[in-house]
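For reference, protein24.pdb (PDB, C-alpha atoms):
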ATOM      1  CA  MET A   1      -1.649  -7.008  13.947  1.00  0.00           C
ATOM      2  CA  THR A   2      -1.405  -3.704  15.759  1.00  0.00           C
ATOM      3  CA  LEU A   3      -2.733  -0.506  14.206  1.00  0.00           C
ATOM      4  CA  GLN A   4      -2.950   2.943  15.717  1.00  0.00           C
ATOM      5  CA  ILE A   5      -4.980   5.749  14.208  1.00  0.00           C
ATOM      6  CA  HIS A   6      -3.986   9.302  15.061  1.00  0.00           C
ATOM      7  CA  ILE A   7      -6.890  11.604  14.232  1.00  0.00           C
ATOM      8  CA  ASP A   8      -4.801  14.750  14.874  1.00  0.00           C
ATOM      9  CA  ASP A   9      -2.098  13.524  12.477  1.00  0.00           C
ATOM     10  CA  GLY A  10      -3.540  15.191   9.376  1.00  0.00           C
ATOM     11  CA  THR A  11      -3.114  11.966   7.406  1.00  0.00           C
ATOM     12  CA  PRO A  12      -6.487  10.472   6.406  1.00  0.00           C
ATOM     13  CA  PRO A  13      -7.400   7.436   8.554  1.00  0.00           C
ATOM     14  CA  TYR A  14      -7.673   5.119   5.520  1.00  0.00           C
ATOM     15  CA  GLU A  15      -4.102   6.067   4.538  1.00  0.00           C
ATOM     16  CA  GLN A  16      -2.887   5.368   8.059  1.00  0.00           C
ATOM     17  CA  VAL A  17      -4.499   1.908   7.916  1.00  0.00           C
ATOM     18  CA  ARG A  18      -3.054   1.277   4.441  1.00  0.00           C
ATOM     19  CA  ALA A  19       0.460   2.407   5.369  1.00  0.00           C
ATOM     20  CA  GLN A  20       0.599   0.447   8.620  1.00  0.00           C
ATOM     21  CA  ILE A  21      -0.648  -2.811   7.111  1.00  0.00           C
ATOM     22  CA  SER A  22       1.677  -2.374   4.138  1.00  0.00           C
ATOM     23  CA  GLU A  23       4.686  -1.783   6.398  1.00  0.00           C
ATOM     24  CA  GLN A  24       3.839  -4.721   8.645  1.00  0.00           C
ATOM     25  CA  ALA A  25       3.445  -7.010   5.620  1.00  0.00           C
ATOM     26  CA  ARG A  26       6.709  -5.772   4.092  1.00  0.00           C
ATOM     27  CA  SER A  27       8.628  -6.189   7.345  1.00  0.00           C
ATOM     28  CA  GLY A  28       7.281  -9.679   7.930  1.00  0.00           C
ATOM     29  CA  ALA A  29       5.384  -8.695  11.089  1.00  0.00           C
ATOM     30  CA  LEU A  30       2.330  -9.870   9.144  1.00  0.00           C
ATOM     31  CA  PRO A  31       3.464 -13.082   7.448  1.00  0.00           C
ATOM     32  CA  VAL A  32       2.338 -14.231   4.017  1.00  0.00           C
ATOM     33  CA  GLY A  33      -1.031 -15.908   4.349  1.00  0.00           C
ATOM     34  CA  TYR A  34      -1.970 -14.036   7.531  1.00  0.00           C
ATOM     35  CA  ARG A  35      -5.730 -13.598   7.599  1.00  0.00           C
ATOM     36  CA  LEU A  36      -6.719  -9.985   8.140  1.00  0.00           C
ATOM     37  CA  PRO A  37      -9.786  -9.021  10.152  1.00  0.00           C
ATOM     38  CA  THR A  38     -12.982  -8.379   8.240  1.00  0.00           C
ATOM     39  CA  VAL A  39     -13.567  -4.814   7.130  1.00  0.00           C
ATOM     40  CA  ARG A  40     -16.360  -4.433   9.654  1.00  0.00           C
ATOM     41  CA  GLY A  41     -14.369  -6.062  12.463  1.00  0.00           C
ATOM     42  CA  LEU A  42     -11.307  -3.887  11.929  1.00  0.00           C
ATOM     43  CA  ALA A  43     -13.444  -0.759  11.580  1.00  0.00           C
ATOM     44  CA  GLU A  44     -15.144  -1.491  14.904  1.00  0.00           C
ATOM     45  CA  SER A  45     -11.875  -2.172  16.712  1.00  0.00           C
ATOM     46  CA  LEU A  46     -10.343   1.072  15.400  1.00  0.00           C
ATOM     47  CA  GLY A  47     -13.463   3.191  15.819  1.00  0.00           C
ATOM     48  CA  LEU A  48     -13.633   3.939  12.104  1.00  0.00           C
ATOM     49  CA  ALA A  49     -16.355   3.710   9.488  1.00  0.00           C
ATOM     50  CA  ALA A  50     -16.406   0.463   7.526  1.00  0.00           C
ATOM     51  CA  ASN A  51     -16.004   2.441   4.284  1.00  0.00           C
ATOM     52  CA  THR A  52     -12.711   3.852   5.594  1.00  0.00           C
ATOM     53  CA  VAL A  53     -11.248   0.392   6.160  1.00  0.00           C
ATOM     54  CA  ALA A  54     -12.720  -0.867   2.871  1.00  0.00           C
ATOM     55  CA  LYS A  55     -10.929   1.964   1.039  1.00  0.00           C
ATOM     56  CA  ALA A  56      -7.631   0.985   2.691  1.00  0.00           C
ATOM     57  CA  TYR A  57      -8.147  -2.692   1.803  1.00  0.00           C
ATOM     58  CA  ARG A  58      -8.916  -1.790  -1.841  1.00  0.00           C
ATOM     59  CA  ALA A  59      -5.720   0.259  -2.041  1.00  0.00           C
ATOM     60  CA  LEU A  60      -3.686  -2.560  -0.460  1.00  0.00           C
ATOM     61  CA  GLU A  61      -5.170  -5.077  -2.875  1.00  0.00           C
ATOM     62  CA  GLY A  62      -4.372  -2.781  -5.791  1.00  0.00           C
ATOM     63  CA  ASP A  63      -0.787  -2.566  -4.517  1.00  0.00           C
ATOM     64  CA  GLY A  64      -0.521  -6.365  -4.341  1.00  0.00           C
ATOM     65  CA  VAL A  65      -0.019  -6.355  -0.570  1.00  0.00           C
ATOM     66  CA  ILE A  66      -3.192  -8.272   0.256  1.00  0.00           C
ATOM     67  CA  GLU A  67      -5.574 -10.521  -1.621  1.00  0.00           C
ATOM     68  CA  THR A  68      -9.248 -11.210  -1.095  1.00  0.00           C
ATOM     69  CA  ARG A  69     -10.388 -14.786  -1.479  1.00  0.00           C
ATOM     70  CA  GLY A  70     -14.127 -14.220  -1.618  1.00  0.00           C
ATOM     71  CA  ARG A  71     -15.959 -15.481   1.442  1.00  0.00           C
ATOM     72  CA  ASN A  72     -12.754 -17.045   2.760  1.00  0.00           C
ATOM     73  CA  GLY A  73     -11.413 -13.659   3.785  1.00  0.00           C
ATOM     74  CA  THR A  74      -8.558 -11.286   3.104  1.00  0.00           C
ATOM     75  CA  PHE A  75      -4.947 -12.384   3.440  1.00  0.00           C
ATOM     76  CA  VAL A  76      -1.441 -10.976   3.181  1.00  0.00           C
ATOM     77  CA  ALA A  77      -0.388 -11.735  -0.392  1.00  0.00           C
ATOM     78  CA  ALA A  78       2.562 -13.873  -1.370  1.00  0.00           C
ATOM     79  CA  ALA A  79       5.858 -12.151  -0.803  1.00  0.00           C
ATOM     80  CA  GLY A  80       7.179 -10.510  -3.895  1.00  0.00           C
ATOM     81  CA  ALA A  81       3.842  -9.574  -5.475  1.00  0.00           C
ATOM     82  CA  ALA A  82       4.262  -5.901  -4.592  1.00  0.00           C
ATOM     83  CA  GLU A  83       7.936  -5.972  -5.585  1.00  0.00           C
ATOM     84  CA  ARG A  84       7.094  -7.480  -8.979  1.00  0.00           C
ATOM     85  CA  GLU A  85       4.483  -4.792  -9.580  1.00  0.00           C
ATOM     86  CA  LEU A  86       6.954  -2.096  -8.529  1.00  0.00           C
ATOM     87  CA  ALA A  87       9.597  -3.473 -10.897  1.00  0.00           C
ATOM     88  CA  SER A  88       7.067  -3.606 -13.727  1.00  0.00           C
ATOM     89  CA  ALA A  89       6.016   0.001 -13.100  1.00  0.00           C
ATOM     90  CA  ALA A  90       9.665   1.086 -13.035  1.00  0.00           C
ATOM     91  CA  GLN A  91      10.353  -0.738 -16.298  1.00  0.00           C
ATOM     92  CA  GLY A  92       7.364   0.938 -17.943  1.00  0.00           C
ATOM     93  CA  TYR A  93       8.491   4.350 -16.698  1.00  0.00           C
ATOM     94  CA  ALA A  94      12.056   3.838 -17.943  1.00  0.00           C
ATOM     95  CA  GLU A  95      10.853   2.793 -21.390  1.00  0.00           C
ATOM     96  CA  ARG A  96       8.499   5.794 -21.611  1.00  0.00           C
ATOM     97  CA  ALA A  97      11.191   8.228 -20.431  1.00  0.00           C
ATOM     98  CA  ARG A  98      13.542   6.909 -23.125  1.00  0.00           C
ATOM     99  CA  ARG A  99      10.849   7.236 -25.828  1.00  0.00           C
ATOM    100  CA  LEU A 100      10.328  10.843 -24.703  1.00  0.00           C
ATOM    101  CA  GLY A 101      14.033  11.477 -25.239  1.00  0.00           C
ATOM    102  CA  ALA A 102      14.979  11.908 -21.586  1.00  0.00           C
ATOM    103  CA  GLY A 103      18.506  11.003 -20.623  1.00  0.00           C
ATOM    104  CA  GLU A 104      19.177   8.533 -17.838  1.00  0.00           C
ATOM    105  CA  GLU A 105      20.079  11.238 -15.318  1.00  0.00           C
ATOM    106  CA  ASP A 106      16.950  13.270 -16.127  1.00  0.00           C
ATOM    107  CA  ALA A 107      14.735  10.183 -15.842  1.00  0.00           C
ATOM    108  CA  VAL A 108      16.194   9.275 -12.450  1.00  0.00           C
ATOM    109  CA  ALA A 109      15.929  12.882 -11.244  1.00  0.00           C
ATOM    110  CA  ALA A 110      12.232  12.946 -12.197  1.00  0.00           C
ATOM    111  CA  VAL A 111      11.630   9.780 -10.168  1.00  0.00           C
ATOM    112  CA  ARG A 112      13.551  11.196  -7.214  1.00  0.00           C
ATOM    113  CA  ASP A 113      11.421  14.373  -7.308  1.00  0.00           C
ATOM    114  CA  ALA A 114       8.193  12.403  -7.552  1.00  0.00           C
ATOM    115  CA  VAL A 115       9.160  10.113  -4.672  1.00  0.00           C
ATOM    116  CA  ARG A 116      10.077  13.070  -2.471  1.00  0.00           C
ATOM    117  CA  ALA A 117       6.755  14.758  -3.246  1.00  0.00           C
ATOM    118  CA  VAL A 118       4.762  11.665  -2.361  1.00  0.00           C
ATOM    119  CA  TYR A 119       6.686  10.535   0.722  1.00  0.00           C
ATOM    120  CA  ARG A 120       7.305  13.948   2.235  1.00  0.00           C
ATOM    121  CA  GLY A 121       3.928  15.334   1.227  1.00  0.00           C
TER     122      GLY A 121
END
How does this structure look as structure tokens?
Amino acid sequence: MTLQIHIDDGTPPYEQVRAQISEQARSGALPVGYRLPTVRGLAESLGLAANTVAKAYRALEGDGVIETRGRNGTFVAAAGAAERELASAAQGYAERARRLGAGEEDAVAAVRDAVRAVYRG
């Protein structure tokens, strides 16, 4: 696992850790079952506070990218967990948009706008 933190980037360090681990897990660079370093170990190697790495790990776990197995450590979650959660969220959104009376094109346009806002900041 290779992570690089760019302090001058403007992106919070925890988000850089989260995004890089997420991308490496999604691309297969970090295979399912790969054991991640401890929070403290990764924080030391990156020169970050342990709380910063812990925040990234919590976000990744919430996204279904990693899973913590108690004292056994933290691992890349089974492939598809994040995709299933994404599909479930999309289904919930579509159902809510329909109940609100939005047409299909308006519902998709709202998602497109939200995605642009999040990914392009």
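With all atoms listed in the file taken into account, the protein and nucleic acid residues at most 9 Å from range 37-43 of chain A (excluding it and anything under 4 positions from it in its own chain) are Gly47, Leu48, Ala49, Ala50, Asn51, Thr52, Val53, Ala54, Tyr57, Gly73, Thr74 and Phe75 of chain A.
The residue that comes closest to Thr11 in chain A, out of A:Gly121, A:Ser45, A:Gly64, A:Ala59 and on the basis of all atoms listed in the file, is A:Gly121.
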Edge lengths and centre in Å, axis-aligned, range 10-24 of chain A plus 4 Å each side, as AutoDock Vina command-line options:
--center_x -1.5 --center_y 5.2 --center_z 6.8 --size_x 20.4 --size_y 27.9 --size_z 13.2
Just the residues within 9 Å of Gln16 in chain A, please, counting all atoms listed in the file, with nothing from its chain fewer than 5 positions along; format it as an mmCIF file with C-alpha atoms, keeping the file's coordinate frame.
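Produced file out23.cif, reproduced below:
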data_model
loop_
_atom_site.group_PDB
_atom_site.id
_atom_site.type_symbol
_atom_site.label_atom_id
_atom_site.label_comp_id
_atom_site.auth_asym_id
_atom_site.auth_seq_id
_atom_site.Cartn_x
_atom_site.Cartn_y
_atom_site.Cartn_z
ATOM 1 C CA LEU A 3 -2.733 -0.506 14.206
ATOM 2 C CA GLN A 4 -2.950 2.943 15.717
ATOM 3 C CA ILE A 5 -4.980 5.749 14.208
ATOM 4 C CA HIS A 6 -3.986 9.302 15.061
ATOM 5 C CA THR A 11 -3.114 11.966 7.406
ATOM 6 C CA ILE A 21 -0.648 -2.811 7.111
ATOM 7 C CA ALA A 56 -7.631 0.985 2.691
#
Fill in: Two-atom distance - CA of Pro31 in chain A, CA of Pro12 in chain A (Å)
25.6 Å
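For the set A:Leu60, A:Ala117, A:Tyr93, A:Asp106, the residue with the smallest atom-to-atom gap to Arg26 in chain A is A:Leu60, counting all atoms listed in the file.
Going from CA of Leu36 in chain A over to CA of Val76 in chain A, you cover 7.3 Å.
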Worksheet item: Distance CA of Arg84 in chain A-CA of Asn72 in chain A, one decimal place?
Response: 25.0 Å
Worksheet item: Hey, what comes out of the PyMOL selection byres ((chain A and resi 78) around 12) on this file? Could you write it as a ChimeraX atom specification?
Response: /A:25-26,28,30-34,61,64-67,75-77,79-84
